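Asks: Quick one, structure37.txt (compact mmCIF, C-alpha atoms):
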```txt
# COMPACT_ATOMS: atom_id res chain seq x y z
CA MET A 1 34.03 -11.77 -12.68
CA SER A 2 31.23 -9.35 -11.80
CA ALA A 3 29.27 -7.99 -14.74
CA VAL A 4 29.57 -4.28 -15.46
CA GLN A 5 26.91 -2.12 -17.03
CA LEU A 6 27.78 -1.11 -20.57
CA ALA A 7 26.85 2.22 -22.11
CA TYR A 8 23.61 1.59 -23.97
CA GLU A 9 24.77 3.78 -26.86
CA GLN A 10 27.73 1.42 -27.32
CA LEU A 11 25.39 -1.55 -27.74
CA LYS A 12 22.75 0.32 -29.74
CA ALA A 13 25.42 1.12 -32.33
CA TYR A 14 25.20 -2.53 -33.43
CA GLU A 15 21.54 -2.20 -34.40
CA GLY A 16 21.13 -2.41 -38.17
CA ARG A 17 24.54 -3.96 -38.72
CA SER A 18 24.58 -6.87 -41.13
CA THR A 19 25.45 -10.34 -39.91
CA SER A 20 25.13 -11.90 -43.36
CA ALA A 21 24.44 -10.52 -46.83
CA ALA A 22 23.32 -12.26 -50.01
CA CYS A 23 23.89 -15.68 -48.44
CA VAL A 24 22.79 -18.66 -50.53
CA GLY A 25 21.10 -21.75 -49.12
CA LYS A 26 23.23 -24.87 -49.55
CA ASP A 27 20.37 -26.83 -51.10
CA LEU A 28 17.42 -26.02 -53.30
CA VAL A 29 14.04 -26.57 -51.70
CA ASN A 30 13.63 -30.30 -52.30
CA GLU A 31 11.19 -33.16 -51.77
CA PRO A 32 13.44 -35.46 -49.67
CA MET A 33 13.98 -32.80 -47.01
CA ILE A 34 10.25 -32.01 -47.02
CA ARG A 35 9.44 -35.70 -46.59
CA HIS A 36 11.94 -36.14 -43.74
CA TRP A 37 10.58 -33.07 -41.97
CA CYS A 38 6.95 -34.25 -42.27
CA GLU A 39 7.84 -37.74 -41.04
CA ALA A 40 9.73 -36.30 -38.06
CA VAL A 41 6.83 -34.09 -36.92
CA GLY A 42 4.03 -36.44 -38.02
CA ASP A 43 2.49 -33.96 -40.50
CA THR A 44 0.46 -35.79 -43.18
CA ASN A 45 -1.01 -32.71 -44.88
CA PRO A 46 -1.45 -33.59 -48.58
CA ALA A 47 -0.24 -30.09 -49.54
CA TYR A 48 3.31 -31.28 -48.86
CA GLN A 49 3.11 -34.23 -51.27
CA GLY A 50 2.69 -34.80 -54.99
CA PRO A 51 3.58 -32.82 -58.11
CA ASP A 52 2.26 -29.49 -56.74
CA ALA A 53 3.79 -29.91 -53.28
CA ILE A 54 4.87 -26.95 -51.20
CA ALA A 55 7.24 -26.99 -48.23
CA PRO A 56 5.78 -26.70 -44.73
CA PRO A 57 6.00 -22.99 -43.81
CA THR A 58 7.74 -23.84 -40.54
CA MET A 59 10.70 -25.17 -42.55
CA LEU A 60 11.55 -21.56 -43.46
CA GLN A 61 14.74 -21.44 -41.39
CA ALA A 62 15.82 -24.97 -42.38
CA TRP A 63 16.68 -23.86 -45.93
CA THR A 64 19.11 -21.23 -44.57
CA MET A 65 21.11 -23.49 -42.26
CA GLY A 66 24.75 -24.06 -43.05
CA GLY A 67 25.16 -27.47 -41.46
CA LEU A 68 28.37 -28.46 -39.67
CA SER A 69 30.54 -26.59 -42.17
CA GLY A 70 28.54 -23.39 -41.75
CA HIS A 71 28.43 -20.39 -44.06
CA THR A 72 31.63 -18.60 -45.02
CA ASP A 73 29.99 -15.32 -46.06
CA ARG A 74 28.91 -14.15 -42.60
CA SER A 75 30.12 -10.80 -41.23
CA GLY A 76 31.72 -10.44 -37.81
CA ALA A 77 29.22 -7.95 -36.33
CA TYR A 78 27.41 -10.51 -34.20
CA ASP A 79 30.66 -12.02 -32.94
CA GLU A 80 31.91 -8.53 -32.06
CA LEU A 81 28.76 -7.78 -30.06
CA SER A 82 28.89 -11.16 -28.33
CA GLY A 83 32.57 -10.68 -27.47
CA LEU A 84 31.88 -7.23 -26.04
CA LEU A 85 29.22 -8.65 -23.74
CA ASP A 86 31.45 -11.59 -22.78
CA SER A 87 34.25 -9.21 -21.75
CA ALA A 88 31.80 -7.27 -19.56
CA GLY A 89 30.76 -10.44 -17.71
CA TYR A 90 27.61 -11.40 -19.65
CA THR A 91 28.97 -14.81 -20.57
CA SER A 92 25.82 -16.95 -20.56
CA ILE A 93 23.25 -17.16 -23.33
CA VAL A 94 19.75 -18.56 -23.66
CA ALA A 95 17.33 -18.46 -26.60
CA THR A 96 14.05 -16.81 -25.58
CA ASP A 97 11.75 -16.80 -28.59
CA CYS A 98 11.43 -17.08 -32.35
CA GLU A 99 8.97 -15.38 -34.71
CA GLN A 100 8.38 -16.18 -38.36
CA GLU A 101 6.30 -14.48 -41.07
CA TYR A 102 5.41 -16.35 -44.27
CA LEU A 103 4.91 -14.28 -47.43
CA ARG A 104 4.79 -16.95 -50.14
CA PRO A 105 4.93 -20.77 -50.30
CA LEU A 106 8.26 -22.45 -50.98
CA ARG A 107 8.27 -25.12 -53.69
CA PRO A 108 10.78 -27.78 -54.73
CA GLY A 109 13.40 -26.18 -56.97
CA ASP A 110 13.34 -22.75 -55.30
CA ARG A 111 16.80 -21.24 -54.69
CA ILE A 112 16.96 -19.65 -51.25
CA THR A 113 18.95 -16.49 -50.54
CA PHE A 114 18.88 -14.42 -47.38
CA ASP A 115 20.24 -11.41 -45.51
CA ALA A 116 20.40 -10.98 -41.73
CA VAL A 117 20.87 -7.97 -39.45
CA ILE A 118 21.02 -7.24 -35.74
CA GLU A 119 17.58 -5.70 -35.43
CA SER A 120 17.65 -4.57 -31.81
CA VAL A 121 19.60 -4.68 -28.55
CA SER A 122 17.61 -4.02 -25.39
CA GLU A 123 18.60 -1.93 -22.43
CA ARG A 124 19.92 -3.93 -19.49
CA LYS A 125 17.21 -6.18 -18.03
CA THR A 126 17.04 -8.17 -14.81
CA THR A 127 15.47 -11.63 -15.08
CA LYS A 128 15.31 -14.68 -12.82
CA LEU A 129 18.27 -16.11 -14.73
CA GLY A 130 20.34 -12.99 -14.20
CA THR A 131 21.00 -9.52 -15.60
CA GLY A 132 21.73 -9.02 -19.27
CA TYR A 133 20.67 -7.80 -22.70
CA PHE A 134 18.18 -9.18 -25.24
CA ILE A 135 19.54 -9.35 -28.79
CA THR A 136 17.15 -9.78 -31.74
CA THR A 137 18.34 -10.74 -35.20
CA ARG A 138 16.12 -10.57 -38.29
CA MET A 139 16.63 -12.71 -41.37
CA ASP A 140 14.88 -11.77 -44.63
CA ILE A 141 14.49 -14.84 -46.83
CA ARG A 142 13.93 -14.86 -50.59
CA ALA A 143 12.99 -17.62 -53.02
CA ASP A 144 14.37 -17.07 -56.53
CA GLY A 145 14.72 -13.40 -55.67
CA GLU A 146 11.15 -12.97 -54.37
CA GLN A 147 10.54 -12.15 -50.70
CA ALA A 148 9.36 -15.38 -49.06
CA GLY A 149 9.45 -14.75 -45.32
CA THR A 150 11.06 -13.25 -42.26
CA HIS A 151 12.67 -15.05 -39.33
CA ARG A 152 13.35 -13.26 -36.03
CA PHE A 153 15.39 -14.90 -33.30
CA ARG A 154 15.96 -13.46 -29.83
CA VAL A 155 18.51 -14.44 -27.20
CA LEU A 156 19.42 -13.18 -23.74
CA LYS A 157 23.14 -12.62 -23.07
CA TYR A 158 23.37 -12.49 -19.29
CA ALA A 159 25.45 -12.76 -16.16
CA PRO A 160 23.98 -15.59 -14.05
CA ALA A 161 22.29 -14.49 -10.84
CA VAL A 162 24.28 -15.26 -7.69
CA ARG A 163 22.49 -17.80 -5.50
CA ARG A 164 22.75 -16.56 -1.92
CA PRO A 165 21.81 -18.34 1.32
CA GLU A 166 18.27 -17.55 2.46
CA ALA A 167 19.30 -15.66 5.57
CA ALA A 168 21.88 -12.89 5.53
CA GLY A 169 25.21 -13.85 7.02
CA ARG A 170 24.66 -17.60 6.70
CA THR A 171 27.35 -19.53 4.88
CA PRO A 172 26.62 -22.57 2.72
CA GLU A 173 28.03 -24.75 5.53
CA THR A 174 25.58 -23.35 8.09
CA ALA A 175 22.65 -22.57 5.79
CA GLU A 176 20.80 -25.74 6.76
CA ARG A 177 21.36 -25.43 10.49
CA PRO A 178 18.32 -24.21 12.42
CA GLN A 179 18.71 -20.68 13.70
CA VAL A 180 18.11 -20.33 17.44
CA SER A 181 16.94 -16.99 18.74
CA GLN A 182 18.97 -15.64 21.64
CA GLN A 183 16.14 -13.41 22.90
CA PRO A 184 12.82 -14.51 24.34
CA GLN A 185 9.79 -14.08 22.17
CA THR A 186 7.34 -11.48 23.45
CA PRO A 187 3.95 -10.38 22.18
CA GLN A 188 5.42 -6.92 21.49
CA GLN A 189 7.81 -8.23 18.85
CA PRO A 190 6.75 -7.26 15.33
CA GLN A 191 5.11 -9.92 13.19
CA VAL A 192 7.08 -11.19 10.21
CA PRO A 193 5.26 -9.91 7.12
CA GLU A 194 3.59 -12.60 5.05
CA GLN A 195 5.52 -13.45 1.93
CA PRO A 196 3.68 -12.83 -1.34
CA ARG A 197 2.27 -16.02 -2.80
CA ALA A 198 4.19 -17.49 -5.73
CA ARG A 199 2.47 -16.90 -9.05
CA ARG A 200 1.81 -19.51 -11.68
CA PRO A 201 3.88 -19.44 -14.87
CA ARG A 202 2.40 -17.07 -17.45
CA PRO A 203 1.09 -18.47 -20.74
CA VAL A 204 3.13 -17.58 -23.81
CA ILE A 205 1.01 -15.04 -25.73
CA ASN A 206 1.92 -14.07 -29.28
CA ARG A 207 0.13 -12.63 -32.29
CA ASP A 208 -1.15 -16.08 -33.30
CA ASN A 209 -2.98 -16.79 -30.03
CA ALA A 210 -3.56 -13.35 -28.48
CA GLY A 211 -7.23 -13.43 -29.53
CA PHE A 212 -7.76 -16.66 -27.62
CA TRP A 213 -6.43 -15.16 -24.37
CA GLU A 214 -8.45 -11.98 -24.91
CA GLY A 215 -11.52 -14.22 -25.10
CA VAL A 216 -10.57 -15.98 -21.88
CA SER A 217 -10.22 -12.64 -20.09
CA GLY A 218 -13.83 -11.94 -21.14
CA HIS A 219 -15.01 -15.43 -20.09
CA ARG A 220 -15.38 -16.62 -23.67
CA LEU A 221 -13.75 -19.76 -25.09
CA LEU A 222 -13.12 -18.93 -28.74
CA ILE A 223 -12.49 -21.48 -31.49
CA GLN A 224 -11.00 -20.60 -34.87
CA ARG A 225 -13.03 -21.34 -38.00
CA CYS A 226 -11.50 -21.26 -41.48
CA THR A 227 -13.45 -18.89 -43.73
CA GLY A 228 -12.42 -20.96 -46.74
CA CYS A 229 -13.55 -24.49 -45.88
CA ARG A 230 -15.37 -23.70 -42.57
CA THR A 231 -13.25 -26.20 -40.63
CA LEU A 232 -13.02 -25.55 -36.88
CA ARG A 233 -9.58 -25.78 -35.32
CA PHE A 234 -8.08 -25.75 -31.86
CA PRO A 235 -5.51 -24.88 -30.59
CA TRP A 236 -5.19 -21.67 -32.56
CA LEU A 237 -2.97 -21.75 -35.65
CA PRO A 238 -2.02 -19.12 -38.23
CA GLY A 239 -3.44 -21.19 -41.11
CA CYS A 240 -5.86 -24.00 -41.90
CA ASN A 241 -4.50 -27.56 -41.92
CA THR A 242 -7.32 -28.67 -44.23
CA CYS A 243 -7.21 -26.18 -47.11
CA GLY A 244 -4.18 -24.01 -46.28
CA SER A 245 -6.15 -20.76 -46.08
CA ALA A 246 -4.76 -18.05 -43.80
CA GLU A 247 -8.20 -16.41 -43.38
CA TRP A 248 -10.28 -17.25 -40.33
CA GLU A 249 -12.94 -16.08 -37.89
CA THR A 250 -13.95 -17.17 -34.40
CA VAL A 251 -16.94 -18.92 -32.90
CA GLU A 252 -17.67 -19.07 -29.18
CA ALA A 253 -17.82 -22.52 -27.62
CA SER A 254 -21.05 -23.40 -25.83
CA GLY A 255 -19.06 -24.72 -22.88
CA ALA A 256 -20.44 -28.26 -23.03
CA GLY A 257 -18.06 -31.18 -23.45
CA THR A 258 -17.05 -34.67 -22.42
CA VAL A 259 -13.82 -36.22 -21.16
CA PHE A 260 -12.23 -37.85 -24.21
CA SER A 261 -9.14 -38.99 -22.28
CA TYR A 262 -7.32 -38.04 -19.08
CA VAL A 263 -4.25 -38.55 -16.93
CA VAL A 264 -3.78 -38.22 -13.18
CA MET A 265 -0.82 -36.06 -12.19
CA HIS A 266 1.04 -36.69 -8.92
CA HIS A 267 3.58 -34.16 -7.64
CA PRO A 268 4.65 -32.66 -4.32
CA PRO A 269 2.94 -29.41 -3.35
CA PHE A 270 4.26 -26.38 -5.19
CA PRO A 271 3.52 -22.90 -3.79
CA ALA A 272 2.05 -21.46 -6.98
CA PHE A 273 -0.42 -24.33 -7.27
CA THR A 274 -1.37 -25.05 -3.66
CA VAL A 275 -4.52 -22.95 -3.63
CA SER A 276 -6.49 -24.08 -6.62
CA GLU A 277 -9.90 -25.44 -7.49
CA HIS A 278 -8.77 -28.99 -8.03
CA VAL A 279 -7.07 -29.08 -4.63
CA ALA A 280 -10.16 -27.68 -2.94
CA ASP A 281 -12.37 -30.26 -4.64
CA THR A 282 -10.04 -33.21 -4.20
CA PRO A 283 -9.17 -34.49 -0.72
CA ARG A 284 -5.65 -35.64 -0.06
CA PRO A 285 -5.39 -39.40 -0.52
CA GLN A 286 -5.35 -41.39 2.70
CA ALA A 287 -3.18 -44.42 3.28
CA ASN A 288 -6.13 -46.74 2.64
CA ALA A 289 -7.54 -44.78 -0.31
CA PRO A 290 -8.75 -46.76 -3.35
CA ARG A 291 -6.52 -47.06 -6.36
CA PRO A 292 -6.58 -43.93 -8.53
CA HIS A 293 -6.90 -45.95 -11.71
CA ALA A 294 -6.80 -49.54 -12.91
CA GLY A 295 -3.38 -51.11 -12.82
CA ALA A 296 -1.92 -48.69 -10.28
CA PRO A 297 -0.12 -50.31 -7.33
CA GLY A 298 -2.21 -50.72 -4.21
CA PRO A 299 -1.50 -48.75 -1.04
CA ASP A 300 0.52 -50.03 1.86
CA PRO A 301 -2.02 -50.58 4.70
CA ASP A 302 0.71 -50.03 7.28
CA ALA A 303 1.97 -46.77 5.74
CA PRO A 304 1.51 -43.58 7.75
CA GLY A 305 -0.89 -40.89 6.57
CA PRO A 306 0.34 -38.30 4.07
CA GLY A 307 2.54 -35.52 5.37
CA PRO A 308 2.90 -31.95 4.17
CA ASP A 309 5.07 -33.05 1.25
CA ALA A 310 2.72 -35.78 0.07
CA PRO A 311 1.75 -35.70 -3.61
CA THR A 312 -1.40 -33.76 -4.52
CA PRO A 313 -3.02 -35.72 -7.38
CA TYR A 314 -5.28 -34.00 -9.88
CA ALA A 315 -6.84 -34.89 -13.22
CA VAL A 316 -5.87 -33.34 -16.53
CA GLY A 317 -8.34 -34.13 -19.28
CA LEU A 318 -8.47 -33.99 -23.04
CA ILE A 319 -11.93 -32.46 -23.34
CA GLU A 320 -13.98 -32.93 -26.51
CA LEU A 321 -16.15 -29.87 -26.89
CA ALA A 322 -19.67 -30.07 -28.27
CA GLU A 323 -18.35 -28.29 -31.37
CA GLY A 324 -16.01 -31.25 -32.12
CA VAL A 325 -12.57 -29.83 -31.26
CA ARG A 326 -10.54 -30.84 -28.21
CA ILE A 327 -8.76 -28.87 -25.49
CA VAL A 328 -6.44 -29.92 -22.66
CA SER A 329 -7.50 -28.60 -19.25
CA ASN A 330 -8.10 -29.52 -15.62
CA VAL A 331 -11.14 -31.56 -14.63
CA ILE A 332 -12.59 -30.23 -11.37
CA GLY A 333 -15.62 -30.80 -9.19
CA VAL A 334 -14.94 -34.49 -8.48
CA PRO A 335 -12.07 -36.37 -6.82
CA TYR A 336 -9.29 -37.22 -9.25
CA ASP A 337 -10.07 -40.96 -9.00
CA LYS A 338 -13.69 -40.42 -10.06
CA VAL A 339 -12.91 -38.91 -13.46
CA ARG A 340 -14.04 -41.19 -16.28
CA ILE A 341 -13.86 -41.21 -20.07
CA GLY A 342 -17.17 -39.97 -21.44
CA MET A 343 -17.95 -37.93 -18.31
CA PRO A 344 -19.94 -34.79 -19.19
CA VAL A 345 -18.24 -31.54 -18.15
CA ARG A 346 -19.01 -27.84 -18.31
CA LEU A 347 -16.69 -24.89 -18.93
CA GLU A 348 -15.77 -22.57 -16.07
CA PHE A 349 -13.12 -19.90 -15.66
CA LEU A 350 -10.78 -20.19 -12.69
CA ARG A 351 -9.02 -17.09 -11.36
CA VAL A 352 -5.60 -18.16 -10.08
CA ASP A 353 -4.23 -14.70 -9.21
CA GLU A 354 -4.99 -11.01 -9.67
CA GLU A 355 -4.15 -11.17 -13.39
CA LEU A 356 -4.62 -14.70 -14.68
CA GLU A 357 -7.77 -16.71 -15.37
CA LEU A 358 -7.79 -20.14 -16.98
CA PRO A 359 -10.51 -22.24 -18.62
CA VAL A 360 -11.26 -25.41 -16.64
CA PHE A 361 -14.00 -28.00 -16.85
CA ARG A 362 -16.29 -29.01 -13.98
CA ALA A 363 -17.89 -32.43 -13.95
CA ALA A 364 -21.60 -32.05 -14.63
CA GLU A 365 -23.90 -32.91 -11.74
CA GLY A 366 -24.70 -36.58 -11.84
CA GLY A 367 -21.82 -37.27 -14.21
CA GLU A 368 -19.61 -38.98 -11.60
CA GLY A 369 -19.21 -42.65 -12.36
```
Using the file provided, produce a representation of the structure as structure tokens.

Replies:
Amino acid sequence: MSAVQLAYEQLKAYEGRSTSAACVGKDLVNEPMIRHWCEAVGDTNPAYQGPDAIAPPTMLQAWTMGGLSGHTDRSGAYDELSGLLDSAGYTSIVATDCEQEYLRPLRPGDRITFDAVIESVSERKTTKLGTGYFITTRMDIRADGEQAGTHRFRVLKYAPAVRRPEAAGRTPETAERPQVSQQPQTPQQPQVPEQPRARRPRPVINRDNAGFWEGVSGHRLLIQRCTGCRTLRFPWLPGCNTCGSAEWETVEASGAGTVFSYVVMHHPPFPAFTVSEHVADTPRPQANAPRPHAGAPGPDPDAPGPGPDAPTPYAVGLIELAEGVRIVSNVIGVPYDKVRIGMPVRLEFLRVDEELELPVFRAAEGGEG
């Protein structure tokens, strides 16, 4: 069934409608669930243990979940909206993002209550997945009657895009057959316009890391520093893992660092990544090239040279900055098989398209092992 465009006013009427009111969490905030959560994610912060323990803030939604039996005190507004979109052909759904705000710590013994509403419904949008509508729900969460946090969740209800053969008029059965021109080629025939180059995926920018990307756009690598205990942290986080303070400032990295660890990535060429610094610096491996790292299988001396679909190896390093924090980025300036642990590197900014620049690290002169 082809999707039809719905009147936006019809969808907007659902904004502000309750999806649940005065719901009660099935369990009090409790130590066993906190312990299981911390073990699952590997979080050993002492704030989550002992007689004065608090729950990890990211557990906020966990205390509202209804389990397999669900909650019985939910309204039908969300189901109505979903059914309306289903009937119009927007039958697929994908979660797109989640945003949480923490207003007070949760402690064992807290009773959780919450309300939820449909906060917004977008106008019809066209995405690579298909055409549809973004729906945002907001949940206000209380602990013993006191506002504790907010949880926003956004989904896209969409009609999947139709995958068509590359050339008009070609059926799936003939799509892979070469097309033979019936007219001779002449110099007067117009040139086929060059296709725009594929762009790299965009980084996910939110209010917790927007300052970092603003720094990158100004060729500054910014590190967070807790104003409470002065601990540096990277990547950026909304709060300090050492003392729990939510207050912080930034310091600019000097740009000096060393390779703490690294991996060599091998993948076929991908259009968005074919013109990049690491490719320019790193020659394609030949059939008799040395092993990229110890323990890797040796090359076949009788194998033909690499073709256009041969893997393009490059090094991704865990870089320890002079300030003591670590960042994952590309190591450039030397062939991938010359990267070594302890190699000194220096920060650079690589422009990959008209909008996006990324921090990378170039091997310092004389640092090749």

Asks: Near Glu15 (chain A), within 8 Å and counting all atoms listed in the file, which residues show up once chain neighbours fewer than 4 positions away are dropped, as a ChimeraX atom specification?

Replies: /A:11,117-121

Asks: Between CA of Ile205 (chain A) and CA of Gly42 (chain A), what is the distance in Å, rounded to a tenth?

Replies: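 We find that CA of Ile205 (chain A) and CA of Gly42 (chain A) lie 24.9 Å from each other.
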
Asks: Just give me the gap between CA of Arg202 (chain A) and CA of Leu60 (chain A) in Å, one decimal is fine.

Replies: 27.9 Å

Asks: I'd like the interatomic distance between CA of His266 (chain A) and CA of Arg351 (chain A), to a tenth of an Å.

Replies: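 Interatomic distance here is 22.2 Å.
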
Asks: Name the residues in contact with region 85-95 of chain A at a cut-off of 10 Å, using only C-alpha atoms, excluding same-chain residues fewer than 2 positions from it; report them as JSON, numbers by chain.

Replies: {"A": [1, 2, 3, 4, 5, 6, 11, 79, 80, 81, 82, 83, 97, 98, 129, 130, 131, 132, 133, 134, 135, 153, 154, 155, 156, 157, 158, 159, 160]}

Asks: Closest to Asn206 (chain A) among A:Thr242, A:Ser75, A:Thr19, A:Gln100, using all atoms listed in the file?

Replies: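 Between A:Thr242, A:Ser75, A:Thr19, A:Gln100, the residue approaching Asn206 (chain A) most closely is A:Gln100.
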
Asks: If you take every atom of region 8-12 of chain A that the file lists and fit an axis-aligned box around them with 5 Å extra on each side, what centre and edge lengths come out in Å to one decimal, as JSON?

Replies:
```
{"center_x": 25.2, "center_y": 1.1, "center_z": -26.9, "size_x": 15.0, "size_y": 15.3, "size_z": 15.8}
```

Asks: Rank nothing, just name the residue among A:Pro313, A:Gly70, A:Gly211, A:Gly218 nearest to His267 (chain A), using all atoms listed in the file.

Replies: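 Under the stated criterion, the closest residue is A:Pro313.
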
Asks: Is it possible to get the residues within 8 Å of (24.0, -17.1, -47.7) (coordinates as in the file, counting all atoms listed in the file) written as a VMD selection string?

Replies: chain A and resid 20 to 25 64 71 73 to 74 113 to 115

Asks: Which residues are near Asp27 (chain A)? Cut-off 8 Å, all atoms listed in the file, ignore same chain within fewer than 6 positions. Put them as a count of residues only.

Replies: 3
